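What follows is a single structure, written as structure tokens, with notes after it.
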Protein chains: 2
Amino acid sequence: MSILQLDELVSKLVSGNMPALSKAITLVESHLPKHQEQAVQLIKQCLPYAGKSIRIGITGVPGVGKSTFIEAFGNLATQQGKKVAVLAVDPSSSINRGSILGDKTRMETLVQNANVYIRPSASGDHLGGVAKKTRESIVLCEAAGFEVILIETVGVGQSETAVHSMVDFFLLLQLAGAGDELQGIKRGIMEMCDAIIINKADGENVKWAQIAKQNYENALHLYTEKNNNWQPKVLTCSAIENTGITDIWNMIQDYVSITKSNLSFDDKRNNQEEYWLYETLNQALKDQFYQNEYVQKELKIQLDRMRQKKTTPYEVASLLFSKMLDSQK
Amino acid sequence: MSILQLDELVSKLVSGNMPALSKAITLVESHLPKHQEQAVQLIKQCLPYAGKSIRIGITGVPGVGKSTFIEAFGNLATQQGKKVAVLAVDPSSSINRGSILGDKTRMETLVQNANVYIRPSASGDHLGGVAKKTRESIVLCEAAGFEVILIETVGVGQSETAVHSMVDFFLLLQLAGAGDELQGIKRGIMEMCDAIIINKADGENVKWAQIAKQNYENALHLYTEKNNNWQPKVLTCSAIENTGITDIWNMIQDYVSITKSNLSFDDKRNNQEEYWLYETLNQALKDQFYQNEYVQKELKIQLDRMRQKKTTPYEVASLLFSKMLDSQK
């Protein structure tokens, strides 16, 4: 792609052209060095147009109804006059398994909504790589005029921390169960979320959802208040019957207005940028070290010696580090 | 110290000589390069004699009664025929403020107990340094025949993670309060502990302690079981009236016999050794990078540009990292 073509792509993208947005995201996702260089330029040109959305992370275990929720919430947002983009972090998330891949039973109406852009996650990459691409896709979507960005992740593994560190508001979807409502959710996710939504609060399930709501509220009170004046909320909804969705929308509007007025909204975004800078740097440092052939060989030998109580972690660290420095001379 | 003197120190230490143990710990704590070299040798010679204790971490906010608890628990352990060592991680812990520094109102009887060794933490060092010294002191205490090692830390800051990663059993001391019992405890500590002890369960306070016990038990049930077949317990005690201490002692014995029979006891220790190896290595990598003069100067400039939305974390990381590599050539 020439500089001229890149400029044209940017100009189409910022005018809201969806094929241009798709092309731009494909460029960002490409592993070709040439494409990666162009992607850096592309992102830089889009940055001045970006940042004006509300970025919402959505997590929950498979079966909790994430795609149905995203469909209901996304359609409501467009009714409020917003353009909505839906991204995913993990290849196993519902938007990758569902309608996007041809099975039209999920997000059926959302796919047909002219003000909605849906993009599955790039697969075949490590989490750091996917996170980078998702964060860059957010910038591109924002530059293309999308005002609500929904980022889906499944409630397992480490991807929640990644998503939490790229969104303004983090939603945990749960189900009312008999008893152990909190089982199956990774430790720490409760602490990250800005709200818990109990989905499938319909029919017979309404009373269980209310009990679950109470339980979650008690559990959330165990955590001290966050430093942005926001006490995490618990709401119920039925995505499939489209009830309770407006309350969730209003809650997020409240969150935005509170955190914008006390400046914690922008603080959080700045902190997130720094977080990703240090994450990227620290990962690069580790990769360079642990991929060193000498280090790999010696580490194996020393781990064995350590297990045999012949050496300490500190002696091994000092040995490996000084040898690595020598090898660079 | 000559090699001969070092050998003599080790031989005295492993025979249980307390002045030799103190001298050895002082060597480990020294910042002099010559001493540090000797300390490496010392630790290596002690390693074959080490590892046979039960290492117990004790945390809780100031005022919860940690020193009174340690006094009661330590005395009980000696009555059971055990030799007890007490170490601290943070300079602000009670054993550094209390009896050790002359004020004999704390740990009065423990200080006089011939089977107890108490050592305040080395101060004036960063957490990684203190953690290293504490872990090495554990090895020395074990080599000197101490069978119960108590490691105290205050319930604030990052030192709990450090202590949690060097002990077999982690105790959180709490008080029964009216209402917000869990306030003031850092997020994540509840998840780390193997037991919560509600102290000062005496007089009028007994009924509040029982309510608190129930609350904590409910809270602990929110967390999924750990992979060592141990479900964290909640017990009450009054360290000052010396009630409930035997139950705590018995609980820890149960823990040891369960985790030793399912092999998770040794697994945990091996994992801890690896944790400290990688912690030490990763910290060394970061120190080397961020202390680089070029990196420091450029990082400041680029953080500003990032805040002005002129660049992305990934562009900055790539720039800093490649320049750093160039500067090493």
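Every chain in the structure tokens has a letter given in the order shown (A, B, ...), and although residue numbers restart at 1 in each chain, ligands are simply numbered from 1 in the order shown.
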Exercise. Could you pull the residues within 12 Å of Phe321 (chain B), counting only C-alpha atoms, minus those fewer than 2 positions along the same chain, as a ChimeraX atom specification?
Worked result: /A:277-278,280-288 /B:286,289-290,292,294-296,298-299,313-319,323-328
Exercise. Hey, what does DSSP flag as helix (DSSP H, G or I) within region 76-307 of chain A? Can you give it to me as number ranges by chain?
Worked result: A: 76-79, 94-97, 99-101, 108-112, 127-143, 159-164, 189-192, 205-221, 245-261, 264-290, 293-307
Exercise. Region 134-150 of chain A: which residues within 8 Å, counting only C-alpha atoms, same-chain residues fewer than 2 positions away excluded, as a ChimeraX atom specification?
Worked result: /A:13-18,21,24-25,28,43,46-58,70,77,82-89,121,130-132,152,166
Same residues, N, CA and C atoms, output as a CSV table (one decimal), in the first residue's frame:
chain,number,residue,atom,x,y,z
A,13,LEU,N,-12.0,5.8,6.3
A,13,LEU,CA,-12.3,5.2,7.6
A,13,LEU,C,-13.0,6.3,8.5
A,14,VAL,N,-12.3,7.5,8.5
A,14,VAL,CA,-12.9,8.5,9.5
A,14,VAL,C,-14.2,9.1,9.0
A,15,SER,N,-14.5,8.8,7.7
A,15,SER,CA,-15.9,9.2,7.3
A,15,SER,C,-16.9,8.1,7.6
A,16,GLY,N,-16.4,7.0,8.2
A,16,GLY,CA,-17.4,6.0,8.7
A,16,GLY,C,-17.6,4.8,7.8
A,17,ASN,N,-16.8,4.7,6.8
A,17,ASN,CA,-16.9,3.6,5.8
A,17,ASN,C,-16.5,2.3,6.4
A,18,MET,N,-17.5,1.3,6.4
A,18,MET,CA,-17.2,0.1,7.1
A,18,MET,C,-16.2,-0.8,6.4
A,21,LEU,N,-12.9,0.3,7.4
A,21,LEU,CA,-12.6,-0.1,8.7
A,21,LEU,C,-12.1,-1.6,8.8
A,24,ALA,N,-8.7,-1.8,7.4
A,24,ALA,CA,-7.7,-1.3,8.4
A,24,ALA,C,-7.4,-2.3,9.5
A,25,ILE,N,-8.5,-2.9,10.0
A,25,ILE,CA,-8.3,-3.9,11.1
A,25,ILE,C,-7.5,-5.1,10.5
A,28,VAL,N,-3.9,-4.2,10.6
A,28,VAL,CA,-3.4,-4.3,12.0
A,28,VAL,C,-3.2,-5.7,12.5
A,43,ILE,N,-2.5,3.8,12.6
A,43,ILE,CA,-3.0,4.0,13.9
A,43,ILE,C,-2.6,5.5,14.3
A,46,CYS,N,-5.0,7.8,12.9
A,46,CYS,CA,-6.3,7.7,13.4
A,46,CYS,C,-6.4,8.2,14.8
A,47,LEU,N,-5.3,8.3,15.6
A,47,LEU,CA,-5.4,8.6,17.0
A,47,LEU,C,-6.1,10.0,17.3
A,48,PRO,N,-5.9,11.0,16.4
A,48,PRO,CA,-6.6,12.3,16.7
A,48,PRO,C,-8.1,12.2,16.7
A,49,TYR,N,-8.6,11.2,16.0
A,49,TYR,CA,-10.0,11.0,15.8
A,49,TYR,C,-10.6,10.0,16.9
A,50,ALA,N,-9.7,9.4,17.6
A,50,ALA,CA,-10.1,8.3,18.5
A,50,ALA,C,-10.4,8.8,19.9
A,51,GLY,N,-10.8,7.9,20.8
A,51,GLY,CA,-11.0,8.1,22.2
A,51,GLY,C,-12.3,8.6,22.6
A,52,LYS,N,-13.2,8.8,21.7
A,52,LYS,CA,-14.5,9.4,22.1
A,52,LYS,C,-15.6,8.4,22.4
A,53,SER,N,-15.3,7.2,22.5
A,53,SER,CA,-16.4,6.2,22.7
A,53,SER,C,-16.5,5.8,24.2
A,54,ILE,N,-17.5,5.0,24.6
A,54,ILE,CA,-17.5,4.4,25.8
A,54,ILE,C,-17.1,2.9,25.5
A,55,ARG,N,-16.1,2.4,26.2
A,55,ARG,CA,-15.6,1.1,25.9
A,55,ARG,C,-16.0,0.1,27.0
A,56,ILE,N,-16.8,-0.9,26.6
A,56,ILE,CA,-17.4,-1.7,27.6
A,56,ILE,C,-17.0,-3.2,27.5
A,57,GLY,N,-16.4,-3.7,28.5
A,57,GLY,CA,-15.9,-5.1,28.5
A,57,GLY,C,-17.1,-6.0,29.0
A,58,ILE,N,-17.3,-7.1,28.4
A,58,ILE,CA,-18.3,-8.1,28.8
A,58,ILE,C,-17.7,-9.5,29.0
A,70,ILE,N,-25.4,-9.1,24.3
A,70,ILE,CA,-24.8,-8.2,23.4
A,70,ILE,C,-25.8,-7.7,22.3
A,77,ALA,N,-28.6,0.4,22.2
A,77,ALA,CA,-27.6,1.5,22.0
A,77,ALA,C,-27.9,2.2,20.7
A,82,LYS,N,-26.7,5.7,18.9
A,82,LYS,CA,-25.3,5.4,18.9
A,82,LYS,C,-24.9,4.4,17.8
A,83,LYS,N,-23.7,4.5,17.3
A,83,LYS,CA,-23.1,3.5,16.5
A,83,LYS,C,-22.3,2.5,17.4
A,84,VAL,N,-22.5,1.2,17.1
A,84,VAL,CA,-22.0,0.2,18.1
A,84,VAL,C,-21.0,-0.7,17.3
A,85,ALA,N,-19.8,-0.9,17.9
A,85,ALA,CA,-18.9,-1.9,17.4
A,85,ALA,C,-18.7,-3.0,18.4
A,86,VAL,N,-18.6,-4.3,18.0
A,86,VAL,CA,-18.5,-5.4,18.8
A,86,VAL,C,-17.2,-6.1,18.5
A,87,LEU,N,-16.3,-6.2,19.5
A,87,LEU,CA,-15.0,-6.9,19.2
A,87,LEU,C,-14.9,-8.1,20.2
A,88,ALA,N,-14.0,-9.0,20.0
A,88,ALA,CA,-13.8,-10.1,20.9
A,88,ALA,C,-12.3,-10.3,21.1
A,89,VAL,N,-12.0,-10.8,22.3
A,89,VAL,CA,-10.6,-11.0,22.6
A,89,VAL,C,-10.2,-12.5,22.4
A,121,SER,N,-12.3,-11.9,16.9
A,121,SER,CA,-10.9,-11.7,17.3
A,121,SER,C,-10.0,-12.4,16.3
A,130,VAL,N,-3.0,-10.6,20.8
A,130,VAL,CA,-4.5,-10.4,20.6
A,130,VAL,C,-4.9,-9.1,21.3
A,131,ALA,N,-4.4,-8.9,22.5
A,131,ALA,CA,-4.7,-7.6,23.2
A,131,ALA,C,-4.3,-6.4,22.4
A,132,LYS,N,-3.1,-6.5,21.9
A,132,LYS,CA,-2.5,-5.3,21.1
A,132,LYS,C,-3.5,-5.1,19.9
A,152,GLU,N,-16.0,-8.5,24.0
A,152,GLU,CA,-16.4,-9.7,24.7
A,152,GLU,C,-15.2,-10.6,25.0
A,166,MET,N,-8.4,-2.5,29.1
A,166,MET,CA,-8.6,-1.7,27.9
A,166,MET,C,-10.0,-1.1,27.8
For this session: Run DSSP on the backbone of this structure and report the residues of region 109-250 of chain A it assigns to strand (DSSP E or B), as a VMD selection string.
Result: chain A and resid 116 to 119 148 to 152 169 to 175 195 to 199 233 to 236 238 243
Exercise. From the set B:Thr59, B:Thr312, B:Asn262, B:Gln253, which residue has the shortest atom-to-atom contact distance to Leu42 (chain A), counting only C-alpha atoms?
Worked result: B:Thr312
